[in-house]
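*Asks:* Please find entry_0.cif (mmCIF, C-alpha atoms) on the next line:
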```cif
data_coords
loop_
_atom_site.label_atom_id
_atom_site.label_comp_id
_atom_site.auth_asym_id
_atom_site.auth_seq_id
_atom_site.Cartn_x
_atom_site.Cartn_y
_atom_site.Cartn_z
CA MET L 1 -75.62 145.08 272.16
CA ARG L 2 -73.32 142.22 271.22
CA ASP L 3 -70.65 144.68 270.17
CA ALA L 4 -71.00 146.78 273.33
CA VAL L 5 -70.57 143.69 275.50
CA ARG L 6 -67.64 142.57 273.40
CA GLN L 7 -65.88 145.94 273.63
CA ALA L 8 -66.43 145.93 277.39
CA THR L 9 -65.01 142.39 277.61
CA LEU L 10 -61.88 143.41 275.69
CA ALA L 11 -61.40 146.55 277.79
CA GLU L 12 -61.80 144.60 281.04
CA LEU L 13 -59.35 141.94 279.82
CA ALA L 14 -56.83 144.61 278.88
CA GLU L 15 -57.09 146.19 282.32
CA HIS L 16 -57.50 143.23 284.65
CA GLY L 17 -56.62 140.07 282.69
CA PHE L 18 -58.63 136.84 282.66
CA ARG L 19 -58.52 136.40 286.43
CA GLY L 20 -60.00 139.85 286.98
CA LEU L 21 -62.81 139.44 284.45
CA THR L 22 -66.32 139.42 285.96
CA VAL L 23 -69.78 139.44 284.36
CA GLU L 24 -70.71 142.30 286.71
CA ASN L 25 -67.91 144.57 285.50
CA VAL L 26 -68.59 143.78 281.84
CA ALA L 27 -72.30 144.51 282.36
CA GLU L 28 -71.58 147.81 284.09
CA ARG L 29 -69.03 148.91 281.52
CA SER L 30 -71.22 147.97 278.53
CA GLY L 31 -74.40 149.51 279.94
CA VAL L 32 -76.21 146.20 279.36
CA HIS L 33 -78.23 144.87 282.30
CA LYS L 34 -76.44 142.20 284.32
CA THR L 35 -79.28 139.68 284.05
CA THR L 36 -79.24 140.07 280.25
CA VAL L 37 -75.49 139.40 280.11
CA TYR L 38 -75.92 136.32 282.31
CA ARG L 39 -78.82 135.07 280.19
CA ARG L 40 -77.08 135.53 276.81
CA TRP L 41 -73.42 134.84 277.67
CA GLY L 42 -73.70 132.63 280.76
CA ASN L 43 -70.36 133.43 282.38
CA VAL L 44 -66.91 134.89 281.75
CA GLU L 45 -65.95 131.93 279.58
CA GLY L 46 -68.96 132.67 277.37
CA LEU L 47 -67.92 136.32 277.12
CA ILE L 48 -64.41 135.33 276.08
CA ALA L 49 -65.63 132.75 273.56
CA ASP L 50 -67.90 135.33 271.95
CA ALA L 51 -65.18 137.98 271.77
CA LEU L 52 -62.87 135.43 270.14
CA GLU L 53 -65.51 134.40 267.64
CA LEU L 54 -65.90 137.99 266.52
CA ALA L 55 -62.11 138.44 266.39
CA ALA L 56 -61.72 135.38 264.14
CA HIS L 57 -63.88 137.02 261.49
CA GLU L 58 -62.06 140.31 261.50
CA PRO L 59 -59.90 141.16 258.51
CA TRP L 60 -56.21 140.78 259.16
CA PRO L 61 -53.54 142.76 257.25
CA VAL L 62 -51.89 139.77 255.52
CA PRO L 63 -48.63 141.10 254.04
CA ASP L 64 -48.08 141.18 250.27
CA THR L 65 -44.45 142.12 249.66
CA GLY L 66 -43.88 140.17 246.44
CA THR L 67 -41.76 137.38 247.98
CA VAL L 68 -42.71 134.55 250.28
CA GLU L 69 -39.78 135.45 252.52
CA GLY L 70 -40.97 139.03 252.95
CA ASP L 71 -44.57 137.92 253.47
CA LEU L 72 -43.86 135.19 256.02
CA ARG L 73 -41.51 137.45 257.93
CA GLY L 74 -44.31 140.03 257.88
CA VAL L 75 -46.81 137.56 259.33
CA VAL L 76 -44.51 136.53 262.19
CA GLU L 77 -43.56 140.15 262.93
CA LEU L 78 -47.27 141.04 263.00
CA VAL L 79 -47.76 138.39 265.68
CA ARG L 80 -44.71 139.50 267.67
CA SER L 81 -45.45 143.22 267.57
CA GLY L 82 -49.11 142.54 268.44
CA PHE L 83 -48.02 141.28 271.85
CA GLU L 84 -45.98 144.45 272.38
CA ASP L 85 -48.98 146.67 271.60
CA PRO L 86 -50.18 148.24 274.88
CA GLU L 87 -53.85 147.59 274.05
CA LEU L 88 -53.79 144.44 271.94
CA GLY L 89 -50.99 142.68 273.85
CA PRO L 90 -52.69 142.23 277.23
CA VAL L 91 -55.95 141.13 275.56
CA SER L 92 -54.20 138.53 273.41
CA SER L 93 -52.29 137.23 276.42
CA ALA L 94 -55.53 137.06 278.39
CA PHE L 95 -57.09 134.92 275.65
CA VAL L 96 -54.18 132.46 275.80
CA ALA L 97 -54.38 132.34 279.61
CA ALA L 98 -58.16 131.91 279.57
CA ALA L 99 -57.93 128.98 277.15
CA MET L 100 -55.57 127.20 279.53
CA GLN L 101 -58.21 127.34 282.24
CA SER L 102 -61.48 126.94 280.41
CA PRO L 103 -62.39 124.29 277.81
CA GLU L 104 -64.97 126.67 276.30
CA ALA L 105 -62.33 129.38 275.83
CA ALA L 106 -59.94 126.73 274.45
CA ARG L 107 -62.47 125.70 271.79
CA ALA L 108 -62.99 129.34 270.83
CA LEU L 109 -59.24 130.01 270.68
CA HIS L 110 -58.77 126.90 268.55
CA ALA L 111 -61.35 128.17 266.06
CA PHE L 112 -59.69 131.59 266.12
CA PHE L 113 -56.31 130.07 265.22
CA GLU L 114 -57.85 127.89 262.50
CA ALA L 115 -59.05 131.11 260.89
CA ARG L 116 -55.68 132.82 261.37
CA HIS L 117 -53.76 129.86 259.93
CA ASP L 118 -56.09 129.88 256.95
CA GLN L 119 -55.67 133.61 256.35
CA SER L 120 -51.89 133.49 256.79
CA ALA L 121 -51.49 130.38 254.62
CA GLN L 122 -52.21 132.44 251.52
CA VAL L 123 -48.70 133.94 251.73
CA VAL L 124 -47.34 130.40 251.40
CA ARG L 125 -49.77 129.49 248.60
CA ARG L 126 -48.72 132.61 246.68
CA GLY L 127 -45.09 131.51 247.12
CA VAL L 128 -45.97 128.14 245.61
CA GLU L 129 -47.69 129.87 242.67
CA ARG L 130 -44.57 131.98 242.09
CA GLY L 131 -42.43 128.83 242.12
CA GLU L 132 -40.62 129.80 245.34
CA LEU L 133 -41.74 126.67 247.21
CA PRO L 134 -42.49 123.04 246.26
CA VAL L 135 -46.13 122.38 245.29
CA THR L 136 -46.28 119.63 247.92
CA VAL L 137 -45.90 122.11 250.78
CA ASP L 138 -48.42 122.11 253.67
CA ALA L 139 -49.17 125.84 253.78
CA ARG L 140 -50.77 125.86 257.24
CA GLU L 141 -47.95 123.82 258.72
CA VAL L 142 -45.44 126.36 257.42
CA VAL L 143 -47.43 129.05 259.22
CA ARG L 144 -47.57 127.03 262.45
CA VAL L 145 -43.81 126.35 262.42
CA ALA L 146 -43.10 130.01 261.60
CA VAL L 147 -45.12 131.54 264.45
CA ALA L 148 -44.60 128.78 267.06
CA PRO L 149 -41.21 130.06 268.35
CA VAL L 150 -42.73 133.47 269.12
CA TYR L 151 -45.48 131.94 271.26
CA TYR L 152 -43.04 129.46 272.79
CA ARG L 153 -40.76 132.23 273.98
CA LEU L 154 -43.59 134.39 275.28
CA PHE L 155 -45.85 131.84 276.98
CA VAL L 156 -43.74 128.78 277.73
CA ALA L 157 -40.05 129.65 278.17
CA HIS L 158 -40.87 133.26 279.23
CA GLU L 159 -38.08 134.80 277.20
CA PRO L 160 -38.11 138.11 275.33
CA VAL L 161 -38.75 137.95 271.55
CA SER L 162 -36.88 140.42 269.38
CA ARG L 163 -37.70 141.40 265.81
CA GLU L 164 -34.64 139.34 264.82
CA ASP L 165 -35.96 136.28 266.63
CA ALA L 166 -39.23 136.63 264.73
CA GLY L 167 -37.46 136.97 261.38
CA ARG L 168 -35.29 133.93 262.08
CA ALA L 169 -38.36 131.86 262.97
CA ALA L 170 -39.94 132.77 259.61
CA ASP L 171 -36.71 131.96 257.76
CA ALA L 172 -36.43 128.61 259.56
CA ALA L 173 -39.95 127.57 258.50
CA LEU L 174 -39.18 128.61 254.91
CA ALA L 175 -35.89 126.69 254.85
CA ALA L 176 -37.76 123.58 256.05
CA ALA L 177 -40.46 124.13 253.41
CA ARG L 178 -37.85 124.51 250.68
CA ALA L 179 -36.14 121.31 251.88
CA GLY L 180 -39.46 119.48 251.46
CA VAL L 181 -39.91 118.80 255.19
CA LEU L 182 -43.16 120.79 255.60
CA MET Z 1 -39.20 118.11 304.42
CA ARG Z 2 -38.55 120.00 301.20
CA ASP Z 3 -39.04 116.83 299.19
CA ALA Z 4 -42.25 115.89 301.03
CA VAL Z 5 -43.72 119.32 300.32
CA ARG Z 6 -42.60 119.12 296.73
CA GLN Z 7 -44.13 115.68 296.20
CA ALA Z 8 -47.37 116.91 297.76
CA THR Z 9 -47.32 119.98 295.45
CA LEU Z 10 -46.86 117.78 292.37
CA ALA Z 11 -49.62 115.39 293.46
CA GLU Z 12 -52.03 118.25 294.15
CA LEU Z 13 -51.21 119.85 290.77
CA ALA Z 14 -51.80 116.54 289.02
CA GLU Z 15 -55.20 116.14 290.69
CA HIS Z 16 -56.53 119.69 290.83
CA GLY Z 17 -54.39 121.85 288.53
CA PHE Z 18 -52.98 125.27 289.40
CA ARG Z 19 -56.35 126.76 290.21
CA GLY Z 20 -57.08 124.03 292.75
CA LEU Z 21 -53.68 124.29 294.48
CA THR Z 22 -53.83 125.50 298.09
CA VAL Z 23 -51.18 125.75 300.82
CA GLU Z 24 -53.62 123.97 303.18
CA ASN Z 25 -53.96 120.90 300.95
CA VAL Z 26 -50.22 120.69 300.32
CA ALA Z 27 -49.56 120.96 304.06
CA GLU Z 28 -52.09 118.25 304.88
CA ARG Z 29 -50.85 115.92 302.16
CA SER Z 30 -47.18 116.36 303.06
CA GLY Z 31 -47.67 116.04 306.80
CA VAL Z 32 -45.81 119.34 307.30
CA HIS Z 33 -47.52 121.88 309.54
CA LYS Z 34 -49.43 124.60 307.69
CA THR Z 35 -47.66 127.48 309.45
CA THR Z 36 -44.28 125.97 308.49
CA VAL Z 37 -45.32 125.75 304.82
CA TYR Z 38 -46.52 129.36 304.91
CA ARG Z 39 -43.32 130.52 306.59
CA ARG Z 40 -40.93 128.72 304.20
CA TRP Z 41 -42.85 128.82 300.90
CA GLY Z 42 -45.08 131.85 301.35
CA ASN Z 43 -47.90 130.88 298.99
CA VAL Z 44 -48.83 128.58 296.11
CA GLU Z 45 -46.55 130.48 293.74
CA GLY Z 46 -43.64 129.78 296.10
CA LEU Z 47 -44.56 126.10 296.17
CA ILE Z 48 -44.61 125.95 292.38
CA ALA Z 49 -41.34 127.86 292.02
CA ASP Z 50 -39.63 125.47 294.43
CA ALA Z 51 -40.97 122.36 292.68
CA LEU Z 52 -39.77 123.75 289.35
CA GLU Z 53 -36.34 124.55 290.75
CA LEU Z 54 -35.94 120.96 291.88
CA ALA Z 55 -37.24 119.68 288.52
CA ALA Z 56 -34.68 121.77 286.61
CA HIS Z 57 -31.84 119.92 288.32
CA GLU Z 58 -33.20 116.46 287.68
CA PRO Z 59 -31.40 114.29 285.14
CA TRP Z 60 -33.21 114.04 281.82
CA PRO Z 61 -32.83 111.08 279.46
CA VAL Z 62 -31.20 112.98 276.57
CA PRO Z 63 -31.29 110.59 273.58
CA ASP Z 64 -28.06 109.29 272.05
CA THR Z 65 -28.95 107.43 268.86
CA GLY Z 66 -25.80 108.18 266.86
CA THR Z 67 -27.35 110.76 264.51
CA VAL Z 68 -28.53 114.29 265.17
CA GLU Z 69 -31.78 113.48 263.37
CA GLY Z 70 -32.53 110.55 265.66
CA ASP Z 71 -31.50 112.50 268.76
CA LEU Z 72 -33.48 115.66 267.99
CA ARG Z 73 -36.54 113.62 267.07
CA GLY Z 74 -36.08 111.82 270.38
CA VAL Z 75 -35.99 115.09 272.32
CA VAL Z 76 -39.18 116.40 270.72
CA GLU Z 77 -40.97 113.05 271.14
CA LEU Z 78 -39.92 113.03 274.82
CA VAL Z 79 -41.63 116.42 275.21
CA ARG Z 80 -44.74 115.33 273.32
CA SER Z 81 -45.19 112.00 275.09
CA GLY Z 82 -44.57 113.67 278.45
CA PHE Z 83 -47.78 115.64 278.04
CA GLU Z 84 -49.64 112.40 277.28
CA ASP Z 85 -48.35 110.77 280.46
CA PRO Z 86 -51.25 110.54 282.94
CA GLU Z 87 -49.09 111.68 285.87
CA LEU Z 88 -46.51 113.97 284.27
CA GLY Z 89 -48.86 115.58 281.73
CA PRO Z 90 -51.25 117.37 284.09
CA VAL Z 91 -48.35 118.58 286.26
CA SER Z 92 -46.44 119.98 283.28
CA SER Z 93 -49.58 121.68 281.98
CA ALA Z 94 -50.21 123.12 285.44
CA PHE Z 95 -46.70 124.63 285.45
CA VAL Z 96 -47.33 126.34 282.10
CA ALA Z 97 -50.72 127.63 283.31
CA ALA Z 98 -49.27 128.82 286.62
CA ALA Z 99 -46.52 130.78 284.86
CA MET Z 100 -49.14 132.64 282.84
CA GLN Z 101 -50.72 133.88 286.04
CA SER Z 102 -47.82 134.41 288.40
CA PRO Z 103 -44.57 136.29 287.70
CA GLU Z 104 -42.80 134.18 290.33
CA ALA Z 105 -43.86 130.95 288.62
CA ALA Z 106 -42.88 132.48 285.26
CA ARG Z 107 -39.35 133.20 286.52
CA ALA Z 108 -39.06 129.64 287.82
CA LEU Z 109 -40.37 128.17 284.55
CA HIS Z 110 -37.93 130.33 282.59
CA ALA Z 111 -35.04 128.95 284.64
CA PHE Z 112 -36.40 125.44 284.17
CA PHE Z 113 -36.44 125.85 280.38
CA GLU Z 114 -32.96 127.38 280.37
CA ALA Z 115 -31.75 124.18 281.99
CA ARG Z 116 -33.74 122.00 279.56
CA HIS Z 117 -32.45 123.92 276.51
CA ASP Z 118 -28.92 123.50 277.82
CA GLN Z 119 -29.32 119.76 278.38
CA SER Z 120 -31.02 119.20 275.01
CA ALA Z 121 -28.52 121.35 273.11
CA GLN Z 122 -25.88 118.65 273.53
CA VAL Z 123 -27.62 116.58 270.84
CA VAL Z 124 -27.04 119.48 268.44
CA ARG Z 125 -23.45 120.01 269.60
CA ARG Z 126 -22.73 116.31 269.05
CA GLY Z 127 -24.17 116.69 265.53
CA VAL Z 128 -21.76 119.56 264.89
CA GLU Z 129 -18.84 117.45 266.17
CA ARG Z 130 -19.85 114.63 263.80
CA GLY Z 131 -19.94 117.09 260.91
CA GLU Z 132 -23.72 116.78 260.43
CA LEU Z 133 -24.38 120.48 261.05
CA PRO Z 134 -22.47 123.73 260.37
CA VAL Z 135 -20.19 124.84 263.21
CA THR Z 136 -21.94 128.22 263.27
CA VAL Z 137 -25.22 126.69 264.46
CA ASP Z 138 -26.97 128.10 267.56
CA ALA Z 139 -27.60 124.81 269.39
CA ARG Z 140 -30.20 126.18 271.82
CA GLU Z 141 -32.10 127.92 269.05
CA VAL Z 142 -32.33 124.63 267.17
CA VAL Z 143 -33.85 123.08 270.31
CA ARG Z 144 -36.33 125.96 270.71
CA VAL Z 145 -37.47 125.79 267.08
CA ALA Z 146 -37.75 121.98 267.30
CA VAL Z 147 -39.96 121.86 270.40
CA ALA Z 148 -41.95 125.08 269.84
CA PRO Z 149 -44.58 123.57 267.48
CA VAL Z 150 -45.49 120.95 270.11
CA TYR Z 151 -46.14 123.59 272.75
CA TYR Z 152 -47.86 125.85 270.20
CA ARG Z 153 -50.35 123.13 269.28
CA LEU Z 154 -51.00 122.13 272.88
CA PHE Z 155 -51.20 125.48 274.67
CA VAL Z 156 -51.97 128.10 272.01
CA ALA Z 157 -53.88 126.65 269.05
CA HIS Z 158 -55.30 123.79 271.16
CA GLU Z 159 -54.76 121.15 268.53
CA PRO Z 160 -53.75 117.52 269.01
CA VAL Z 161 -50.05 116.66 268.48
CA SER Z 162 -49.24 113.32 266.92
CA ARG Z 163 -45.92 111.51 266.97
CA GLU Z 164 -45.65 112.47 263.28
CA ASP Z 165 -46.17 116.14 264.08
CA ALA Z 166 -43.36 115.94 266.64
CA GLY Z 167 -41.01 114.24 264.18
CA ARG Z 168 -41.76 116.81 261.48
CA ALA Z 169 -41.04 119.65 263.92
CA ALA Z 170 -37.62 118.15 264.69
CA ASP Z 171 -36.89 117.64 260.99
CA ALA Z 172 -37.91 121.24 260.23
CA ALA Z 173 -35.49 122.64 262.82
CA LEU Z 174 -32.73 120.44 261.44
CA ALA Z 175 -33.40 121.49 257.84
CA ALA Z 176 -33.17 125.13 258.95
CA ALA Z 177 -29.94 124.42 260.84
CA ARG Z 178 -28.44 122.69 257.80
CA ALA Z 179 -29.45 125.66 255.63
CA GLY Z 180 -27.53 127.96 257.98
CA VAL Z 181 -30.63 129.80 259.22
CA LEU Z 182 -30.28 128.77 262.89
#
```
Please go through the file and, once you have read it, give me the structure as structure tokens.
*Replies:*
Amino acid sequence: MRDAVRQATLAELAEHGFRGLTVENVAERSGVHKTTVYRRWGNVEGLIADALELAAHEPWPVPDTGTVEGDLRGVVELVRSGFEDPELGPVSSAFVAAAMQSPEAARALHAFFEARHDQSAQVVRRGVERGELPVTVDAREVVRVAVAPVYYRLFVAHEPVSREDAGRAADAALAAARAGVL
Amino acid sequence: MRDAVRQATLAELAEHGFRGLTVENVAERSGVHKTTVYRRWGNVEGLIADALELAAHEPWPVPDTGTVEGDLRGVVELVRSGFEDPELGPVSSAFVAAAMQSPEAARALHAFFEARHDQSAQVVRRGVERGELPVTVDAREVVRVAVAPVYYRLFVAHEPVSREDAGRAADAALAAARAGVL
């Protein structure tokens, strides 16, 4: 049942965004009775938080190209292209929008990104093991600095993000890590 | 009249956020008749777009410390501390939230950030003139990469941003610029 409700939440988010998300529509789409959805998930914020919690535990295709440059570029490009995906993109954007309007969704999105930073940080740790980066490097901070310009362009400055922009953001974080700043 | 409506829009955003913004409340607060506000601004998105347009043309205290490191750190700290300001913070956050939900607000926020990038880029251009950075540097991209981690923590990963975090973000962008990546 949890998965059915979650799939319905994601599908409704993809179609109507956070503002168009209702418990009624999720209940109808999932085939779960409305009163059950209200009892177990409370409201749309609860639905979003639960979908995010499940998403945080999903495996993520962390790149393994043999160099930290290739891997970090791969991570940032994965983020960028995810927002261009016709199914994944609108859902991811809806999560970011929801978290700006609901503290419960914000807590869930925070936990989701903690998991993502942790998963992605292994590309930096492997780089340290290979001697490509200083041992003092803060692996999660390198990830944050690498992906931040993609999100900044998309959700703050509302600018397009090209594959080149994504690659440059990864290279910038690496240059800072090599210089001992991160 | 435009300024009265704008001040009322900012005050309402500070108190109630984007979701609590109504043409009625702005009209009442500004002393401008409701039908006039509807006729000239259309809706809440129009009110936000107009307030942002005025904000984009406001002077901004671009730091001038004598070094590009001091100046860029100053720019990023200005951004970070702005979100901690009890009056400015909620309004700025409301603008970011509004742009996620309204294409008109997104266009206005984009124009606002174009102006901010342009103003802030002078600290990078001065660094180039002083020989601190390569002449090939993309000044606006340095600004984007410097401020992006602050916005990423606040509006995406929902993490706190310390003064140290802001300084490190500026230093990271500079290290990348010095390495010829930006």
*Asks:* Which residue, Z:Ala27, Z:Leu174, Z:Leu88, Z:Ala157, has the smallest gap to Arg39 of chain Z when you use all atoms listed in the file?
*Replies:* Z:Ala27
*Asks:* Matching every Cα in sequence order between the two identical chains, what are the coordinates of chain Z once fitted onto chain L? Write them as a tab-separated table (two decimals) with C-alpha atoms, keeping the file's coordinate frame.
*Replies:*
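Result file selection.tsv:
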```tsv
chain	number	residue	atom	x	y	z
Z	1	MET	CA	-75.61	145.08	272.14
Z	2	ARG	CA	-73.31	142.21	271.21
Z	3	ASP	CA	-70.62	144.66	270.15
Z	4	ALA	CA	-70.98	146.77	273.31
Z	5	VAL	CA	-70.55	143.68	275.48
Z	6	ARG	CA	-67.63	142.55	273.40
Z	7	GLN	CA	-65.87	145.92	273.61
Z	8	ALA	CA	-66.42	145.93	277.37
Z	9	THR	CA	-64.99	142.37	277.60
Z	10	LEU	CA	-61.87	143.39	275.66
Z	11	ALA	CA	-61.39	146.53	277.77
Z	12	GLU	CA	-61.79	144.59	281.02
Z	13	LEU	CA	-59.34	141.92	279.81
Z	14	ALA	CA	-56.83	144.59	278.86
Z	15	GLU	CA	-57.07	146.19	282.31
Z	16	HIS	CA	-57.50	143.22	284.63
Z	17	GLY	CA	-56.61	140.06	282.68
Z	18	PHE	CA	-58.63	136.84	282.66
Z	19	ARG	CA	-58.51	136.42	286.41
Z	20	GLY	CA	-59.99	139.88	286.97
Z	21	LEU	CA	-62.81	139.43	284.42
Z	22	THR	CA	-66.31	139.42	285.93
Z	23	VAL	CA	-69.78	139.44	284.35
Z	24	GLU	CA	-70.70	142.33	286.70
Z	25	ASN	CA	-67.89	144.58	285.47
Z	26	VAL	CA	-68.57	143.79	281.82
Z	27	ALA	CA	-72.27	144.53	282.35
Z	28	GLU	CA	-71.55	147.83	284.07
Z	29	ARG	CA	-69.01	148.92	281.48
Z	30	SER	CA	-71.21	147.99	278.52
Z	31	GLY	CA	-74.38	149.52	279.91
Z	32	VAL	CA	-76.19	146.21	279.34
Z	33	HIS	CA	-78.18	144.88	282.29
Z	34	LYS	CA	-76.41	142.20	284.33
Z	35	THR	CA	-79.25	139.68	284.07
Z	36	THR	CA	-79.23	140.07	280.27
Z	37	VAL	CA	-75.48	139.40	280.12
Z	38	TYR	CA	-75.91	136.32	282.32
Z	39	ARG	CA	-78.81	135.07	280.22
Z	40	ARG	CA	-77.08	135.51	276.83
Z	41	TRP	CA	-73.42	134.84	277.69
Z	42	GLY	CA	-73.70	132.63	280.76
Z	43	ASN	CA	-70.36	133.43	282.38
Z	44	VAL	CA	-66.91	134.90	281.74
Z	45	GLU	CA	-65.96	131.93	279.57
Z	46	GLY	CA	-68.98	132.67	277.36
Z	47	LEU	CA	-67.93	136.31	277.12
Z	48	ILE	CA	-64.42	135.32	276.06
Z	49	ALA	CA	-65.65	132.74	273.55
Z	50	ASP	CA	-67.93	135.32	271.95
Z	51	ALA	CA	-65.20	137.97	271.75
Z	52	LEU	CA	-62.88	135.43	270.14
Z	53	GLU	CA	-65.53	134.37	267.64
Z	54	LEU	CA	-65.93	137.96	266.52
Z	55	ALA	CA	-62.13	138.42	266.38
Z	56	ALA	CA	-61.74	135.36	264.14
Z	57	HIS	CA	-63.89	136.99	261.47
Z	58	GLU	CA	-62.09	140.30	261.50
Z	59	PRO	CA	-59.94	141.17	258.50
Z	60	TRP	CA	-56.22	140.79	259.14
Z	61	PRO	CA	-53.57	142.76	257.25
Z	62	VAL	CA	-51.91	139.77	255.53
Z	63	PRO	CA	-48.64	141.12	254.06
Z	64	ASP	CA	-48.09	141.18	250.29
Z	65	THR	CA	-44.47	142.14	249.66
Z	66	GLY	CA	-43.91	140.17	246.45
Z	67	THR	CA	-41.78	137.39	247.98
Z	68	VAL	CA	-42.73	134.56	250.30
Z	69	GLU	CA	-39.78	135.47	252.52
Z	70	GLY	CA	-40.97	139.04	252.96
Z	71	ASP	CA	-44.58	137.94	253.47
Z	72	LEU	CA	-43.86	135.19	256.01
Z	73	ARG	CA	-41.52	137.46	257.94
Z	74	GLY	CA	-44.31	140.03	257.90
Z	75	VAL	CA	-46.81	137.56	259.34
Z	76	VAL	CA	-44.52	136.54	262.20
Z	77	GLU	CA	-43.56	140.16	262.94
Z	78	LEU	CA	-47.28	141.06	263.01
Z	79	VAL	CA	-47.76	138.39	265.69
Z	80	ARG	CA	-44.72	139.50	267.67
Z	81	SER	CA	-45.46	143.22	267.58
Z	82	GLY	CA	-49.10	142.55	268.46
Z	83	PHE	CA	-48.02	141.28	271.86
Z	84	GLU	CA	-45.99	144.46	272.37
Z	85	ASP	CA	-48.99	146.65	271.60
Z	86	PRO	CA	-50.19	148.23	274.87
Z	87	GLU	CA	-53.86	147.59	274.06
Z	88	LEU	CA	-53.79	144.43	271.94
Z	89	GLY	CA	-51.00	142.67	273.86
Z	90	PRO	CA	-52.70	142.22	277.23
Z	91	VAL	CA	-55.95	141.13	275.56
Z	92	SER	CA	-54.20	138.53	273.40
Z	93	SER	CA	-52.28	137.23	276.41
Z	94	ALA	CA	-55.53	137.06	278.38
Z	95	PHE	CA	-57.09	134.91	275.64
Z	96	VAL	CA	-54.18	132.45	275.79
Z	97	ALA	CA	-54.37	132.34	279.60
Z	98	ALA	CA	-58.16	131.92	279.56
Z	99	ALA	CA	-57.93	128.98	277.15
Z	100	MET	CA	-55.57	127.20	279.53
Z	101	GLN	CA	-58.21	127.35	282.24
Z	102	SER	CA	-61.49	126.95	280.41
Z	103	PRO	CA	-62.39	124.30	277.81
Z	104	GLU	CA	-64.95	126.67	276.30
Z	105	ALA	CA	-62.33	129.38	275.82
Z	106	ALA	CA	-59.93	126.74	274.45
Z	107	ARG	CA	-62.47	125.70	271.80
Z	108	ALA	CA	-63.00	129.34	270.83
Z	109	LEU	CA	-59.24	130.00	270.67
Z	110	HIS	CA	-58.77	126.89	268.54
Z	111	ALA	CA	-61.35	128.17	266.07
Z	112	PHE	CA	-59.70	131.58	266.12
Z	113	PHE	CA	-56.31	130.07	265.22
Z	114	GLU	CA	-57.85	127.90	262.50
Z	115	ALA	CA	-59.06	131.11	260.90
Z	116	ARG	CA	-55.68	132.83	261.38
Z	117	HIS	CA	-53.77	129.85	259.93
Z	118	ASP	CA	-56.10	129.88	256.95
Z	119	GLN	CA	-55.67	133.61	256.35
Z	120	SER	CA	-51.88	133.48	256.79
Z	121	ALA	CA	-51.49	130.38	254.62
Z	122	GLN	CA	-52.21	132.46	251.52
Z	123	VAL	CA	-48.71	133.94	251.74
Z	124	VAL	CA	-47.34	130.40	251.41
Z	125	ARG	CA	-49.77	129.49	248.61
Z	126	ARG	CA	-48.73	132.61	246.70
Z	127	GLY	CA	-45.10	131.51	247.14
Z	128	VAL	CA	-45.97	128.14	245.62
Z	129	GLU	CA	-47.71	129.86	242.68
Z	130	ARG	CA	-44.59	131.98	242.10
Z	131	GLY	CA	-42.45	128.85	242.11
Z	132	GLU	CA	-40.62	129.80	245.33
Z	133	LEU	CA	-41.75	126.68	247.21
Z	134	PRO	CA	-42.49	123.05	246.25
Z	135	VAL	CA	-46.12	122.39	245.30
Z	136	THR	CA	-46.29	119.64	247.93
Z	137	VAL	CA	-45.90	122.11	250.79
Z	138	ASP	CA	-48.42	122.11	253.68
Z	139	ALA	CA	-49.16	125.85	253.78
Z	140	ARG	CA	-50.76	125.86	257.24
Z	141	GLU	CA	-47.94	123.82	258.72
Z	142	VAL	CA	-45.44	126.36	257.42
Z	143	VAL	CA	-47.44	129.07	259.22
Z	144	ARG	CA	-47.56	127.04	262.46
Z	145	VAL	CA	-43.81	126.35	262.43
Z	146	ALA	CA	-43.10	130.02	261.61
Z	147	VAL	CA	-45.13	131.53	264.45
Z	148	ALA	CA	-44.61	128.79	267.08
Z	149	PRO	CA	-41.21	130.05	268.36
Z	150	VAL	CA	-42.73	133.47	269.14
Z	151	TYR	CA	-45.48	131.95	271.27
Z	152	TYR	CA	-43.04	129.44	272.80
Z	153	ARG	CA	-40.74	132.23	274.00
Z	154	LEU	CA	-43.58	134.38	275.30
Z	155	PHE	CA	-45.87	131.84	276.98
Z	156	VAL	CA	-43.73	128.77	277.73
Z	157	ALA	CA	-40.05	129.64	278.21
Z	158	HIS	CA	-40.87	133.23	279.24
Z	159	GLU	CA	-38.09	134.78	277.22
Z	160	PRO	CA	-38.10	138.09	275.35
Z	161	VAL	CA	-38.73	137.94	271.57
Z	162	SER	CA	-36.87	140.40	269.39
Z	163	ARG	CA	-37.69	141.39	265.83
Z	164	GLU	CA	-34.63	139.33	264.84
Z	165	ASP	CA	-35.96	136.27	266.64
Z	166	ALA	CA	-39.24	136.63	264.73
Z	167	GLY	CA	-37.45	136.97	261.39
Z	168	ARG	CA	-35.28	133.93	262.09
Z	169	ALA	CA	-38.36	131.87	262.97
Z	170	ALA	CA	-39.94	132.77	259.61
Z	171	ASP	CA	-36.71	131.97	257.76
Z	172	ALA	CA	-36.43	128.62	259.56
Z	173	ALA	CA	-39.94	127.58	258.49
Z	174	LEU	CA	-39.18	128.62	254.93
Z	175	ALA	CA	-35.89	126.70	254.85
Z	176	ALA	CA	-37.76	123.60	256.04
Z	177	ALA	CA	-40.46	124.14	253.41
Z	178	ARG	CA	-37.84	124.52	250.67
Z	179	ALA	CA	-36.15	121.32	251.88
Z	180	GLY	CA	-39.45	119.48	251.47
Z	181	VAL	CA	-39.90	118.80	255.20
Z	182	LEU	CA	-43.14	120.79	255.59
```
*Asks:* Quick one, how far is atom CA of Leu52 of chain L from atom CA of Leu109 of chain L?
*Replies:*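 Straight-line distance from atom CA of Leu52 of chain L to atom CA of Leu109 of chain L works out to 6.5 Å.
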*Asks:* Report the closest atom pair, with its distance in Å rounded to one decimal, for each residue of segment 78-130 of chain L that has an atom no farther than 9 Å from segment 137-145 of chain L; count all atoms listed in the file, sort by chain and then rising residue number, and write it as a Markdown table.
*Replies:*
```
| residue | atom | partner | partner_atom | distance |
| --- | --- | --- | --- | --- |
| L:His117 | CA | L:Arg140 | CA | 5.7 |
| L:Asp118 | CA | L:Arg140 | CA | 6.7 |
| L:Ser120 | CA | L:Val143 | CA | 6.7 |
| L:Ala121 | CA | L:Ala139 | CA | 5.2 |
| L:Gln122 | CA | L:Ala139 | CA | 7.6 |
| L:Val123 | CA | L:Ala139 | CA | 8.4 |
| L:Val124 | CA | L:Ala139 | CA | 5.5 |
| L:Arg125 | CA | L:Ala139 | CA | 6.4 |
| L:Val128 | CA | L:Val137 | CA | 7.9 |
```
